[in-house]
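Structure file entry_12.txt; described as compact mmCIF, C-alpha atoms and all ligand atoms.
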```txt
# COMPACT_ATOMS: atom_id res chain seq x y z
CA MET A 1 0.00 0.00 0.00
CA LYS A 2 1.60 3.27 -1.13
CA GLN A 3 0.79 6.58 0.49
CA TYR A 4 0.41 9.81 -1.48
CA ASP A 5 -0.58 13.38 -0.68
CA VAL A 6 -3.07 13.31 -3.51
CA ILE A 7 -4.53 10.79 -5.91
CA ILE A 8 -5.86 12.18 -9.17
CA LEU A 9 -8.37 10.09 -11.12
CA GLY A 10 -8.25 10.75 -14.88
CA ALA A 11 -5.13 11.72 -16.85
CA GLY A 12 -6.92 14.02 -19.28
CA ALA A 13 -6.38 17.74 -19.70
CA ALA A 14 -7.46 18.76 -16.20
CA GLY A 15 -5.88 15.79 -14.39
CA LEU A 16 -2.48 16.24 -16.09
CA MET A 17 -2.46 19.95 -15.28
CA ALA A 18 -3.43 19.37 -11.64
CA ALA A 19 -0.76 16.63 -11.34
CA MET A 20 1.90 18.92 -12.81
CA VAL A 21 1.10 21.83 -10.48
CA THR A 22 0.75 19.67 -7.36
CA GLY A 23 3.94 17.74 -8.14
CA GLN A 24 5.88 20.96 -8.70
CA ARG A 25 4.81 22.03 -5.23
CA GLY A 26 6.67 19.05 -3.80
CA LYS A 27 3.63 16.86 -3.08
CA ARG A 28 3.54 13.11 -3.65
CA VAL A 29 1.11 12.65 -6.55
CA LEU A 30 -0.45 9.54 -8.06
CA LEU A 31 -2.27 9.96 -11.38
CA ILE A 32 -4.58 7.11 -12.41
CA GLU A 33 -5.89 6.63 -15.94
CA HIS A 34 -7.97 3.66 -17.02
CA ALA A 35 -7.02 4.03 -20.70
CA ASP A 36 -3.67 2.78 -21.97
CA GLU A 37 -2.19 6.27 -22.35
CA PRO A 38 -2.78 9.73 -20.91
CA GLY A 39 -4.54 12.59 -22.70
CA LYS A 40 -6.40 10.61 -25.37
CA LYS A 41 -8.96 13.37 -25.94
CA ILE A 42 -6.20 15.94 -26.25
CA LEU A 43 -4.67 13.78 -28.99
CA ILE A 44 -7.82 13.86 -31.14
CA SER A 45 -8.70 17.47 -30.34
CA GLY A 46 -8.69 20.25 -32.88
CA GLY A 47 -8.42 17.76 -35.74
CA GLY A 48 -5.15 16.43 -34.23
CA ARG A 49 -3.65 19.91 -33.73
CA CYS A 50 -5.29 20.70 -30.35
CA ASN A 51 -7.05 24.04 -30.10
CA PHE A 52 -5.42 24.47 -26.69
CA THR A 53 -6.86 27.85 -25.68
CA ASN A 54 -8.71 30.92 -26.87
CA ILE A 55 -7.28 34.40 -26.41
CA TYR A 56 -10.82 35.77 -25.92
CA THR A 57 -11.46 33.57 -22.91
CA ALA A 58 -14.01 35.29 -20.67
CA PRO A 59 -16.74 34.06 -18.31
CA ASP A 60 -19.48 34.83 -20.87
CA ARG A 61 -18.07 32.11 -23.15
CA TYR A 62 -19.18 29.41 -20.70
CA LEU A 63 -22.45 27.77 -19.67
CA SER A 64 -23.11 26.84 -16.06
CA VAL A 65 -26.05 27.04 -13.67
CA ASN A 66 -23.85 29.52 -11.76
CA PRO A 67 -22.03 31.62 -14.38
CA HIS A 68 -20.01 33.40 -11.64
CA PHE A 69 -18.38 30.20 -10.37
CA LEU A 70 -15.67 29.99 -13.01
CA LYS A 71 -14.49 33.60 -12.78
CA SER A 72 -11.89 33.11 -10.05
CA ALA A 73 -10.09 30.13 -11.61
CA LEU A 74 -10.14 31.64 -15.12
CA ALA A 75 -8.72 34.92 -13.81
CA ARG A 76 -5.89 33.17 -11.96
CA TYR A 77 -4.76 31.01 -14.91
CA THR A 78 -5.14 32.78 -18.23
CA PRO A 79 -4.55 31.84 -21.88
CA ARG A 80 -1.24 33.77 -21.61
CA ASP A 81 -0.11 31.45 -18.81
CA PHE A 82 -0.74 28.41 -20.99
CA ILE A 83 0.91 30.03 -24.01
CA ASP A 84 4.00 30.66 -21.84
CA LEU A 85 4.11 26.97 -20.97
CA VAL A 86 3.71 25.97 -24.64
CA GLU A 87 6.49 28.37 -25.65
CA LYS A 88 8.78 27.15 -22.84
CA HIS A 89 8.56 23.74 -24.54
CA GLY A 90 9.33 25.21 -27.96
CA ILE A 91 5.92 24.26 -29.38
CA ALA A 92 5.04 26.41 -32.39
CA TRP A 93 1.44 27.64 -32.54
CA HIS A 94 -0.83 29.86 -34.59
CA GLU A 95 -4.18 31.60 -34.31
CA LYS A 96 -6.59 29.98 -36.73
CA THR A 97 -9.69 32.12 -36.38
CA LEU A 98 -11.73 33.85 -33.66
CA GLY A 99 -8.87 33.75 -31.14
CA GLN A 100 -8.47 29.95 -31.41
CA LEU A 101 -4.86 28.84 -30.86
CA PHE A 102 -3.62 25.58 -32.38
CA CYS A 103 -0.29 23.74 -32.49
CA ASP A 104 1.48 24.12 -35.83
CA GLY A 105 2.53 20.50 -35.44
CA SER A 106 0.53 17.98 -33.47
CA ALA A 107 -1.61 17.61 -30.35
CA LYS A 108 0.92 14.96 -29.29
CA GLN A 109 3.21 17.85 -28.37
CA ILE A 110 0.71 19.11 -25.77
CA VAL A 111 0.38 15.68 -24.14
CA ALA A 112 4.16 15.21 -24.19
CA MET A 113 4.64 18.67 -22.66
CA LEU A 114 2.20 18.00 -19.81
CA TRP A 115 3.55 14.52 -19.13
CA ASP A 116 7.20 15.68 -19.25
CA GLU A 117 6.36 18.33 -16.65
CA CYS A 118 4.58 15.71 -14.50
CA ALA A 119 7.45 13.23 -14.78
CA ALA A 120 10.00 15.94 -13.88
CA ALA A 121 7.88 16.74 -10.82
CA GLY A 122 7.96 13.08 -9.72
CA VAL A 123 4.29 12.23 -10.49
CA ASP A 124 3.52 8.48 -10.52
CA LEU A 125 1.22 7.31 -13.33
CA TRP A 126 -0.83 4.13 -13.22
CA LEU A 127 -2.39 3.21 -16.56
CA GLY A 128 -4.80 0.63 -17.86
CA HIS A 129 -7.11 -0.09 -14.93
CA PRO A 130 -10.21 1.62 -13.55
CA ALA A 131 -9.90 2.51 -9.88
CA ASN A 132 -12.11 1.36 -7.07
CA VAL A 133 -12.38 4.18 -4.53
CA GLU A 134 -13.21 3.96 -0.83
CA ARG A 135 -13.60 6.81 1.58
CA ASP A 136 -12.91 6.66 5.29
CA ASP A 137 -10.54 9.15 7.00
CA GLY A 138 -8.94 9.74 3.62
CA PHE A 139 -9.31 7.93 0.31
CA SER A 140 -8.07 4.47 -0.59
CA ILE A 141 -7.81 3.21 -4.13
CA GLU A 142 -7.61 -0.25 -5.59
CA CYS A 143 -6.39 -0.34 -9.15
CA GLY A 144 -5.70 -3.74 -10.66
CA SER A 145 -3.44 -5.44 -8.13
CA ARG A 146 -2.16 -2.16 -6.68
CA ARG A 147 -3.42 -0.14 -3.75
CA ALA A 148 -2.77 3.40 -2.59
CA THR A 149 -4.09 5.89 -0.07
CA ALA A 150 -4.14 9.69 0.16
CA THR A 151 -5.83 12.36 2.24
CA LYS A 152 -6.87 14.21 -0.93
CA LEU A 153 -8.60 12.98 -4.06
CA ILE A 154 -9.09 14.92 -7.28
CA LEU A 155 -11.84 13.72 -9.59
CA ALA A 156 -10.78 14.56 -13.14
CA THR A 157 -12.49 11.82 -15.12
CA GLY A 158 -14.36 14.22 -17.43
CA GLY A 159 -17.81 13.69 -18.88
CA PRO A 160 -19.34 10.85 -20.93
CA SER A 161 -18.81 12.44 -24.39
CA ILE A 162 -17.11 10.08 -26.89
CA PRO A 163 -17.17 6.84 -24.88
CA LYS A 164 -14.93 5.13 -27.45
CA MET A 165 -12.11 7.43 -26.29
CA GLY A 166 -12.47 6.11 -22.72
CA ALA A 167 -15.03 8.68 -21.52
CA THR A 168 -17.25 7.52 -18.68
CA SER A 169 -19.85 8.88 -16.28
CA PHE A 170 -17.60 7.72 -13.42
CA ALA A 171 -17.38 11.18 -11.83
CA TYR A 172 -21.16 11.58 -11.74
CA ASP A 173 -21.72 8.06 -10.42
CA LEU A 174 -19.18 8.50 -7.65
CA ALA A 175 -20.47 11.97 -6.79
CA ARG A 176 -24.07 10.70 -6.62
CA SER A 177 -23.08 7.80 -4.43
CA TRP A 178 -21.44 10.29 -2.05
CA GLY A 179 -24.54 12.50 -2.00
CA LEU A 180 -23.28 15.35 -4.22
CA LYS A 181 -25.72 17.18 -6.48
CA ILE A 182 -25.53 16.69 -10.25
CA VAL A 183 -26.86 19.12 -12.83
CA GLU A 184 -28.59 16.88 -15.39
CA PRO A 185 -25.97 16.15 -18.06
CA ARG A 186 -26.67 16.33 -21.80
CA PRO A 187 -24.50 16.18 -24.94
CA ALA A 188 -23.26 19.53 -26.26
CA LEU A 189 -21.15 20.83 -29.16
CA VAL A 190 -22.92 18.09 -31.08
CA PRO A 191 -24.48 17.78 -34.57
CA LEU A 192 -28.29 18.06 -34.65
CA THR A 193 -30.54 15.65 -36.53
CA LEU A 194 -33.44 16.56 -38.81
CA ALA A 195 -36.71 14.76 -39.52
CA GLY A 196 -40.12 15.38 -41.12
CA ASP A 197 -40.21 18.15 -43.71
CA ASP A 198 -36.58 19.02 -43.02
CA LEU A 199 -35.46 15.56 -44.21
CA LEU A 200 -35.24 17.00 -47.72
CA PHE A 201 -32.25 19.05 -46.60
CA ARG A 202 -30.28 15.83 -46.11
CA SER A 203 -29.77 15.77 -49.87
CA LEU A 204 -27.45 18.74 -49.29
CA SER A 205 -25.05 16.53 -47.30
CA GLY A 206 -21.55 18.02 -47.58
CA VAL A 207 -22.71 21.58 -48.40
CA ALA A 208 -21.36 24.27 -46.03
CA ALA A 209 -22.22 27.97 -45.84
CA PRO A 210 -21.27 30.91 -43.63
CA VAL A 211 -24.35 31.71 -41.54
CA VAL A 212 -25.53 33.30 -38.33
CA ALA A 213 -27.28 30.62 -36.25
CA SER A 214 -29.09 30.80 -32.93
CA ALA A 215 -31.27 28.72 -30.63
CA ALA A 216 -34.40 30.09 -28.94
CA LYS A 217 -32.25 31.18 -25.99
CA GLY A 218 -28.57 32.03 -26.16
CA PRO A 219 -26.28 34.02 -28.41
CA ALA A 220 -26.13 34.04 -32.20
CA PHE A 221 -23.02 32.46 -33.74
CA ARG A 222 -21.52 33.70 -36.98
CA GLU A 223 -19.64 30.69 -38.32
CA ALA A 224 -20.06 27.94 -40.92
CA ALA A 225 -23.01 25.53 -40.94
CA LEU A 226 -22.71 22.16 -42.65
CA PHE A 227 -25.50 19.91 -43.94
CA THR A 228 -24.89 16.24 -43.18
CA HIS A 229 -26.64 12.99 -44.08
CA ARG A 230 -28.31 13.14 -40.65
CA GLY A 231 -28.99 16.86 -40.31
CA LEU A 232 -26.91 19.89 -39.39
CA SER A 233 -23.35 20.32 -38.19
CA GLY A 234 -20.41 22.72 -38.60
CA PRO A 235 -19.11 25.14 -35.97
CA ALA A 236 -22.21 27.39 -35.96
CA ILE A 237 -24.51 24.44 -35.29
CA LEU A 238 -22.20 22.84 -32.70
CA GLN A 239 -22.21 26.15 -30.81
CA VAL A 240 -26.00 26.44 -31.03
CA SER A 241 -26.46 22.81 -29.86
CA SER A 242 -25.20 23.78 -26.39
CA HIS A 243 -28.11 26.21 -26.04
CA TRP A 244 -30.73 24.15 -27.88
CA ARG A 245 -33.48 22.21 -26.11
CA HIS A 246 -35.71 19.49 -27.55
CA GLY A 247 -38.76 20.88 -29.34
CA GLU A 248 -37.16 24.26 -30.01
CA ALA A 249 -36.29 25.69 -33.41
CA VAL A 250 -32.83 26.63 -34.63
CA ARG A 251 -32.82 29.85 -36.61
CA ILE A 252 -30.38 30.34 -39.45
CA ASP A 253 -29.61 33.52 -41.34
CA PHE A 254 -28.31 32.22 -44.67
CA VAL A 255 -27.50 35.68 -46.02
CA PRO A 256 -25.86 37.50 -43.09
CA ASP A 257 -23.79 39.72 -45.38
CA ALA A 258 -26.63 40.86 -47.64
CA PRO A 259 -27.71 44.49 -47.10
CA PRO A 260 -31.25 45.22 -45.83
CA ASN A 261 -33.91 44.89 -48.57
CA TRP A 262 -31.33 43.12 -50.67
CA LEU A 263 -33.84 41.44 -53.02
CA ALA A 264 -36.02 44.53 -53.56
CA GLY A 265 -32.87 46.57 -54.23
CA ALA A 266 -31.64 43.97 -56.74
CA LYS A 267 -35.00 44.07 -58.50
CA ARG A 268 -34.70 47.81 -58.98
CA ALA A 269 -31.10 47.50 -60.17
CA ASP A 270 -31.80 44.80 -62.77
CA PRO A 271 -35.41 43.54 -63.07
CA ARG A 272 -34.50 41.04 -65.82
CA LYS A 273 -32.04 39.16 -63.65
CA PRO A 274 -33.23 35.63 -62.76
CA VAL A 275 -33.99 35.57 -59.04
CA ARG A 276 -32.27 32.19 -58.71
CA ARG A 277 -29.04 33.59 -60.11
CA LEU A 278 -29.12 36.29 -57.45
CA ILE A 279 -29.56 33.75 -54.68
CA GLU A 280 -26.83 31.60 -56.18
CA GLN A 281 -24.48 34.57 -55.96
CA ALA A 282 -25.06 34.71 -52.19
CA LEU A 283 -25.10 30.99 -51.38
CA PRO A 284 -23.52 27.70 -52.49
CA ALA A 285 -25.33 26.54 -55.65
CA ARG A 286 -27.04 23.42 -54.24
CA LEU A 287 -28.25 25.26 -51.17
CA ALA A 288 -29.48 28.19 -53.30
CA GLU A 289 -31.43 25.77 -55.47
CA THR A 290 -33.05 23.97 -52.52
CA LEU A 291 -34.01 27.20 -50.76
CA SER A 292 -35.34 28.73 -54.00
CA ASP A 293 -37.46 25.60 -54.57
CA ARG A 294 -38.81 25.80 -51.04
CA LEU A 295 -39.66 29.47 -51.49
CA ALA A 296 -41.09 28.85 -54.98
CA LEU A 297 -38.85 31.59 -56.38
CA ASP A 298 -38.37 31.51 -60.14
CA GLY A 299 -38.16 33.70 -63.21
CA PRO A 300 -36.86 37.25 -63.57
CA ILE A 301 -36.81 39.12 -60.27
CA GLY A 302 -38.84 41.94 -61.85
CA GLY A 303 -41.80 39.52 -62.11
CA LEU A 304 -42.01 39.17 -58.32
CA SER A 305 -43.80 41.69 -56.14
CA ASP A 306 -41.90 43.56 -53.39
CA ARG A 307 -44.15 41.78 -50.89
CA VAL A 308 -43.08 38.34 -52.16
CA LEU A 309 -39.43 39.40 -52.22
CA SER A 310 -39.59 40.80 -48.71
CA ALA A 311 -41.21 37.60 -47.39
CA ALA A 312 -38.55 35.50 -49.17
CA GLU A 313 -35.76 37.62 -47.72
CA GLN A 314 -37.21 37.27 -44.24
CA ARG A 315 -37.24 33.48 -44.62
CA LEU A 316 -33.65 33.45 -45.86
CA ARG A 317 -32.61 35.58 -42.89
CA GLY A 318 -34.47 33.47 -40.35
CA TRP A 319 -34.87 29.94 -41.68
CA CYS A 320 -36.26 27.76 -38.89
CA PHE A 321 -35.30 24.11 -38.53
CA THR A 322 -36.77 22.06 -35.73
CA PRO A 323 -34.21 19.30 -35.04
CA ASN A 324 -35.64 16.07 -33.67
CA GLY A 325 -32.54 15.40 -31.60
CA SER A 326 -28.78 15.34 -31.61
CA GLU A 327 -26.17 12.74 -32.51
CA GLY A 328 -25.71 12.17 -28.77
CA TYR A 329 -22.68 11.42 -26.63
CA ALA A 330 -21.09 9.36 -29.42
CA LYS A 331 -20.46 12.59 -31.37
CA ALA A 332 -20.61 15.30 -28.68
CA GLU A 333 -17.37 17.18 -28.03
CA VAL A 334 -18.44 17.95 -24.48
CA THR A 335 -21.10 17.34 -21.86
CA ILE A 336 -23.15 20.16 -20.40
CA GLY A 337 -24.07 19.80 -16.75
CA GLY A 338 -22.20 17.63 -14.28
CA ILE A 339 -21.24 18.00 -10.64
CA SER A 340 -23.00 21.10 -9.36
CA THR A 341 -20.81 24.11 -8.72
CA ALA A 342 -22.88 24.66 -5.56
CA GLU A 343 -20.94 21.73 -4.10
CA LEU A 344 -17.54 23.31 -4.78
CA SER A 345 -15.32 26.17 -3.66
CA SER A 346 -14.67 28.40 -6.67
CA GLN A 347 -11.20 29.15 -5.25
CA THR A 348 -9.98 25.58 -4.83
CA MET A 349 -12.54 23.22 -6.50
CA GLU A 350 -12.78 21.35 -3.16
CA THR A 351 -16.21 19.97 -2.27
CA ARG A 352 -17.76 21.62 0.74
CA ARG A 353 -19.39 18.46 2.05
CA ILE A 354 -16.42 16.10 1.65
CA PRO A 355 -13.21 17.84 2.72
CA GLY A 356 -10.25 16.56 0.70
CA LEU A 357 -12.35 15.78 -2.39
CA PHE A 358 -11.80 18.07 -5.38
CA VAL A 359 -13.53 18.06 -8.79
CA ILE A 360 -12.04 19.68 -11.91
CA GLY A 361 -12.46 19.91 -15.69
CA GLU A 362 -15.47 18.74 -17.62
CA ALA A 363 -16.85 16.72 -14.68
CA VAL A 364 -17.93 20.08 -13.20
CA ASP A 365 -21.04 21.91 -14.43
CA VAL A 366 -18.96 24.32 -16.53
CA THR A 367 -19.01 24.05 -20.35
CA GLY A 368 -17.24 26.29 -22.79
CA TRP A 369 -18.07 27.38 -26.30
CA LEU A 370 -16.31 25.68 -29.18
CA GLY A 371 -12.85 27.10 -29.84
CA GLY A 372 -10.36 26.26 -27.08
CA TYR A 373 -12.51 27.43 -24.16
CA ASN A 374 -13.00 23.93 -22.77
CA PHE A 375 -9.30 23.23 -22.52
CA GLN A 376 -8.75 26.62 -20.90
CA TRP A 377 -11.29 25.62 -18.23
CA ALA A 378 -9.54 22.25 -17.78
CA TRP A 379 -6.16 23.98 -17.33
CA ALA A 380 -7.52 26.71 -15.02
CA SER A 381 -9.55 24.41 -12.78
CA GLY A 382 -6.61 21.97 -12.64
CA VAL A 383 -4.29 24.77 -11.53
CA ALA A 384 -6.82 26.01 -8.92
CA ALA A 385 -7.00 22.54 -7.34
CA GLY A 386 -3.27 21.87 -7.74
CA GLN A 387 -2.39 25.05 -5.87
CA ALA A 388 -4.74 24.19 -3.03
CA ILE A 389 -3.49 20.66 -2.28
C1 LIG A 401 -13.30 15.16 -30.74
C2 LIG A 401 -13.09 16.21 -29.69
C3 LIG A 401 -12.34 17.33 -30.00
C4 LIG A 401 -12.16 18.34 -29.04
N1 LIG A 401 -11.42 19.41 -29.38
C5 LIG A 401 -11.24 20.40 -28.48
C6 LIG A 401 -10.40 21.50 -28.76
O1 LIG A 401 -9.73 21.55 -29.81
N2 LIG A 401 -10.32 22.51 -27.84
C7 LIG A 401 -10.98 22.45 -26.63
O2 LIG A 401 -10.86 23.38 -25.83
N3 LIG A 401 -11.73 21.38 -26.31
C8 LIG A 401 -11.86 20.35 -27.19
N4 LIG A 401 -12.61 19.27 -26.86
C9 LIG A 401 -13.16 19.20 -25.49
C10 LIG A 401 -12.04 18.78 -24.53
O3 LIG A 401 -11.41 17.62 -25.05
C11 LIG A 401 -12.58 18.50 -23.13
O4 LIG A 401 -13.35 19.59 -22.69
C12 LIG A 401 -11.43 18.27 -22.17
O5 LIG A 401 -10.67 17.16 -22.60
C13 LIG A 401 -11.93 18.03 -20.76
O6 LIG A 401 -10.81 17.74 -19.95
P1 LIG A 401 -10.98 16.76 -18.70
O7 LIG A 401 -9.59 16.51 -18.21
O8 LIG A 401 -11.99 17.27 -17.76
O9 LIG A 401 -11.57 15.42 -19.31
P2 LIG A 401 -10.86 14.41 -20.33
O10 LIG A 401 -9.83 15.09 -21.13
O11 LIG A 401 -11.96 13.70 -20.99
O12 LIG A 401 -10.08 13.42 -19.35
C14 LIG A 401 -10.72 12.51 -18.50
C15 LIG A 401 -9.82 11.30 -18.40
O13 LIG A 401 -10.35 10.43 -17.39
C16 LIG A 401 -10.25 9.10 -17.86
N5 LIG A 401 -11.23 8.29 -17.14
C17 LIG A 401 -12.58 8.25 -17.31
N6 LIG A 401 -13.12 7.42 -16.42
C18 LIG A 401 -12.10 6.94 -15.66
C19 LIG A 401 -12.02 6.03 -14.56
N7 LIG A 401 -13.11 5.44 -14.07
N8 LIG A 401 -10.80 5.77 -14.01
C20 LIG A 401 -9.67 6.36 -14.52
N9 LIG A 401 -9.70 7.21 -15.56
C21 LIG A 401 -10.89 7.50 -16.11
C22 LIG A 401 -10.52 9.21 -19.36
O14 LIG A 401 -10.01 8.10 -20.05
C23 LIG A 401 -9.79 10.51 -19.68
O15 LIG A 401 -8.44 10.28 -20.03
C24 LIG A 401 -12.77 18.24 -27.77
C25 LIG A 401 -13.49 17.09 -27.45
C26 LIG A 401 -13.63 16.09 -28.39
C27 LIG A 401 -14.42 14.86 -28.01
```
As structure tokens - that is how I would like this structure written.
Amino acid sequence: MKQYDVIILGAGAAGLMAAMVTGQRGKRVLLIEHADEPGKKILISGGGRCNFTNIYTAPDRYLSVNPHFLKSALARYTPRDFIDLVEKHGIAWHEKTLGQLFCDGSAKQIVAMLWDECAAAGVDLWLGHPANVERDDGFSIECGSRRATATKLILATGGPSIPKMGATSFAYDLARSWGLKIVEPRPALVPLTLAGDDLLFRSLSGVAAPVVASAAKGPAFREAALFTHRGLSGPAILQVSSHWRHGEAVRIDFVPDAPPNWLAGAKRADPRKPVRRLIEQALPARLAETLSDRLALDGPIGGLSDRVLSAAEQRLRGWCFTPNGSEGYAKAEVTIGGISTAELSSQTMETRRIPGLFVIGEAVDVTGWLGGYNFQWAWASGVAAGQAI
């Protein structure tokens, strides 16, 4: 039986960061990962290049029942802090778009960087077995044939999104069994599926367009939408999915760059111009054709009344889809909900009811927008806990 100051369950983004910080503070740290290597989600993130942070990180880019909870940790560990770490390891990076920072090379560099720091700080890593946890005065762990104890335990096992990468609902199950409150989890940053009348749009599978998309509640996102064989995806839709609830419509402005009264103005400029050609100039051809069919727009634009054109423009600026669901945890980048922030100290991530138990990363009811915000939360919450051990 080995004794540690802290045992960290889950060697993902948050667990690796917490292990690094705690180890550097001279504590004896055991990191346990049931997969065969650490940081598997980091490896597949950002298309293999890891969108490791976002320079516009701010509390309003996150969803949580208590939107104030995350402020302290995010303020104490900023994107600049993580960039400094990346640069210390000579990892080249670039901003892709909207403040999203990616490795020039590979996400492997981020995992190697975190693990090298952990190893240098003397962190022990046990791989390949799930842990059985018991709580008495402290915490004891059984993992395969090995056993360990510690007075502190950090839960960093993430959420259930992408089970084939090793994701589990372990954190929620353990928290529930110890009487901690869970905010009902649901898949987020996930493609939405279409049914009924909207099924016709599936024929557009593979077509992408720059749009402004929004759910009934929540912000509007100006990014690309993509039609798929099951429904809607692309960054704009993934963002909207975090705010979308069953039964609600998703609103898409297909012509966000067109000036007001665009169609009526075009009619005055050139009444002989075919209305379909005009729409094709603003949208990808297959999408323009489908939308024109739906709106029964045909012939020279001069043959259509201003009333018809205004109604068509309104539809193009606020097309409503009512998804019948999402592609679920199998395709969700993150999970909304999780262990309630009401259970945790925002300074340290320690649970109020079980002293010595900390929860960090995606297991907590804090979910970021697409674009590096989720890793920044994993780093920041990992640092907050690591500094408090
Ligand atoms: C395809 C994809 C791409 C993404 N791209 C980005 C991106 O580019 N930028 C961004 O900010 N976010 C991205 N995300 C989200 C990001 O990966 C997560 O928000 C982040 O990894 C959460 O960190 P975490 O440490 O809390 O959880 P995780 O990184 O999921 O780590 C949890 C770890 O715990 C382990 N584990 C689970 N159960 C147990 C158990 N019982 N015992 C031991 N270990 C266990 C898991 O195997 C895992 O290694 C992406 C997600 C996906 C799925």
- Task: Collect all residues with atoms no farther than 7 Å from ligand LIG 401 (chain A), counting only C-alpha atoms and all ligand atoms, and output them as JSON, numbers by chain.
- Result: {"A": [9, 10, 11, 12, 13, 14, 15, 32, 33, 34, 35, 38, 39, 40, 41, 42, 44, 45, 46, 47, 50, 51, 52, 53, 129, 130, 131, 156, 157, 158, 159, 161, 162, 165, 166, 167, 168, 169, 170, 332, 333, 334, 360, 361, 362, 363, 370, 371, 372, 373, 374, 375, 376, 378]}
- Message: When you look at Gln387 (chain A) with a cut-off of 8 Å (counting only C-alpha atoms), what residues show up, excluding the ones that are within fewer than 2 positions of it in the same chain? I need them as a VMD selection string.
- Response: chain A and resid 21 to 22 25 348 383 to 385 389
- Kindly give the distance, in Å, that separates CA of Pro259 (chain A) and CA of Ser310 (chain A), rounded to a single decimal.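 Those two atoms sit 12.5 Å apart.
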- Can you list, as a ChimeraX atom specification, every protein, DNA or RNA residue that comes within 8 Å of Gly318 (chain A) when you count all atoms listed in the file, leaving out same-chain residues fewer than 3 positions away? /A:251-254,314-315
Expected file: the selected residues, C-alpha atoms, as a compact mmCIF listing (two decimals), in the frame of the given file:
```txt
# COMPACT_ATOMS: atom_id res chain seq x y z
CA ARG A 251 -32.82 29.85 -36.61
CA ILE A 252 -30.38 30.34 -39.45
CA ASP A 253 -29.61 33.52 -41.34
CA PHE A 254 -28.31 32.22 -44.67
CA GLN A 314 -37.21 37.27 -44.24
CA ARG A 315 -37.24 33.48 -44.62
```
- Which is closest to Met17 (chain A) among A:Ala171, A:Ile336, A:Ala249, A:Ala380, if we use all atoms listed in the file?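 Among the listed residues, the smallest separation from Met17 (chain A) belongs to A:Ala380.
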Find the nearest atom pair between each residue of region 200-270 of chain A and region 56-79 of chain A for residues within 12 Å, count all atoms listed in the file, give distances in Å to one decimal, sort rows by chain and ascending number, and present the table as JSON lines.
```
{"residue": "A:Gly218", "atom": "CA", "partner": "A:Leu63", "partner_atom": "CA", "distance": 9.9}
{"residue": "A:Pro219", "atom": "CA", "partner": "A:Arg61", "partner_atom": "CA", "distance": 9.9}
{"residue": "A:Phe221", "atom": "CA", "partner": "A:Arg61", "partner_atom": "CA", "distance": 11.7}
{"residue": "A:Gln239", "atom": "CA", "partner": "A:Arg61", "partner_atom": "CA", "distance": 10.6}
{"residue": "A:Val240", "atom": "CA", "partner": "A:Leu63", "partner_atom": "CA", "distance": 12.0}
{"residue": "A:Ser242", "atom": "CA", "partner": "A:Leu63", "partner_atom": "CA", "distance": 8.3}
{"residue": "A:His243", "atom": "CA", "partner": "A:Leu63", "partner_atom": "CA", "distance": 8.7}
```
Pull the closest atom pair for each residue of region 172-222 of chain A that gets at most 9 Å from region 271-289 of chain A, along with the distance in Å to one decimal, counting only C-alpha atoms, ordering rows by chain and then ascending residue number, as JSON lines.
```
{"residue": "A:Phe201", "atom": "CA", "partner": "A:Leu287", "partner_atom": "CA", "distance": 8.7}
{"residue": "A:Leu204", "atom": "CA", "partner": "A:Arg286", "partner_atom": "CA", "distance": 6.8}
{"residue": "A:Val207", "atom": "CA", "partner": "A:Leu287", "partner_atom": "CA", "distance": 7.2}
{"residue": "A:Ala208", "atom": "CA", "partner": "A:Pro284", "partner_atom": "CA", "distance": 7.6}
{"residue": "A:Ala209", "atom": "CA", "partner": "A:Pro284", "partner_atom": "CA", "distance": 6.8}
{"residue": "A:Pro210", "atom": "CA", "partner": "A:Leu283", "partner_atom": "CA", "distance": 8.6}
```
- Query: What is the distance, in Å and to one decimal place, between CA of Gly231 (chain A) and CA of Ala216 (chain A)?
  - Reply: 18.3 Å
Padding 4 Å on every side, please: axis-aligned box over the listed atoms of region 234-239 of chain A, centre and edge lengths to one decimal in Å, as JSON.
```
{"center_x": -21.8, "center_y": 25.1, "center_z": -34.7, "size_x": 13.4, "size_y": 12.7, "size_z": 15.8}
```
- To one decimal place, how far is CA of Glu134 (chain A) from CA of Ser177 (chain A) in Å?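 These two atoms are separated by 11.2 Å.
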Output requested as a PDB file, in the coordinates of the input - region 246-251 of chain A, filled out with N, CA and C atoms.
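Generated file (out.pdb):
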```
ATOM      1  N   HIS A 246     -34.763  20.264 -26.736  1.00  0.00           N
ATOM      2  CA  HIS A 246     -35.710  19.490 -27.550  1.00  0.00           C
ATOM      3  C   HIS A 246     -36.991  20.268 -27.776  1.00  0.00           C
ATOM      4  N   GLY A 247     -37.488  20.223 -29.016  1.00  0.00           N
ATOM      5  CA  GLY A 247     -38.760  20.880 -29.340  1.00  0.00           C
ATOM      6  C   GLY A 247     -38.569  22.303 -29.828  1.00  0.00           C
ATOM      7  N   GLU A 248     -37.389  22.882 -29.582  1.00  0.00           N
ATOM      8  CA  GLU A 248     -37.160  24.260 -30.010  1.00  0.00           C
ATOM      9  C   GLU A 248     -36.618  24.315 -31.440  1.00  0.00           C
ATOM     10  N   ALA A 249     -36.807  25.497 -32.051  1.00  0.00           N
ATOM     11  CA  ALA A 249     -36.290  25.690 -33.410  1.00  0.00           C
ATOM     12  C   ALA A 249     -34.870  26.243 -33.357  1.00  0.00           C
ATOM     13  N   VAL A 250     -34.124  25.970 -34.414  1.00  0.00           N
ATOM     14  CA  VAL A 250     -32.830  26.630 -34.630  1.00  0.00           C
ATOM     15  C   VAL A 250     -33.024  27.576 -35.799  1.00  0.00           C
ATOM     16  N   ARG A 251     -32.599  28.817 -35.603  1.00  0.00           N
ATOM     17  CA  ARG A 251     -32.820  29.850 -36.610  1.00  0.00           C
ATOM     18  C   ARG A 251     -31.515  30.112 -37.354  1.00  0.00           C
TER      19      ARG A 251
END
```
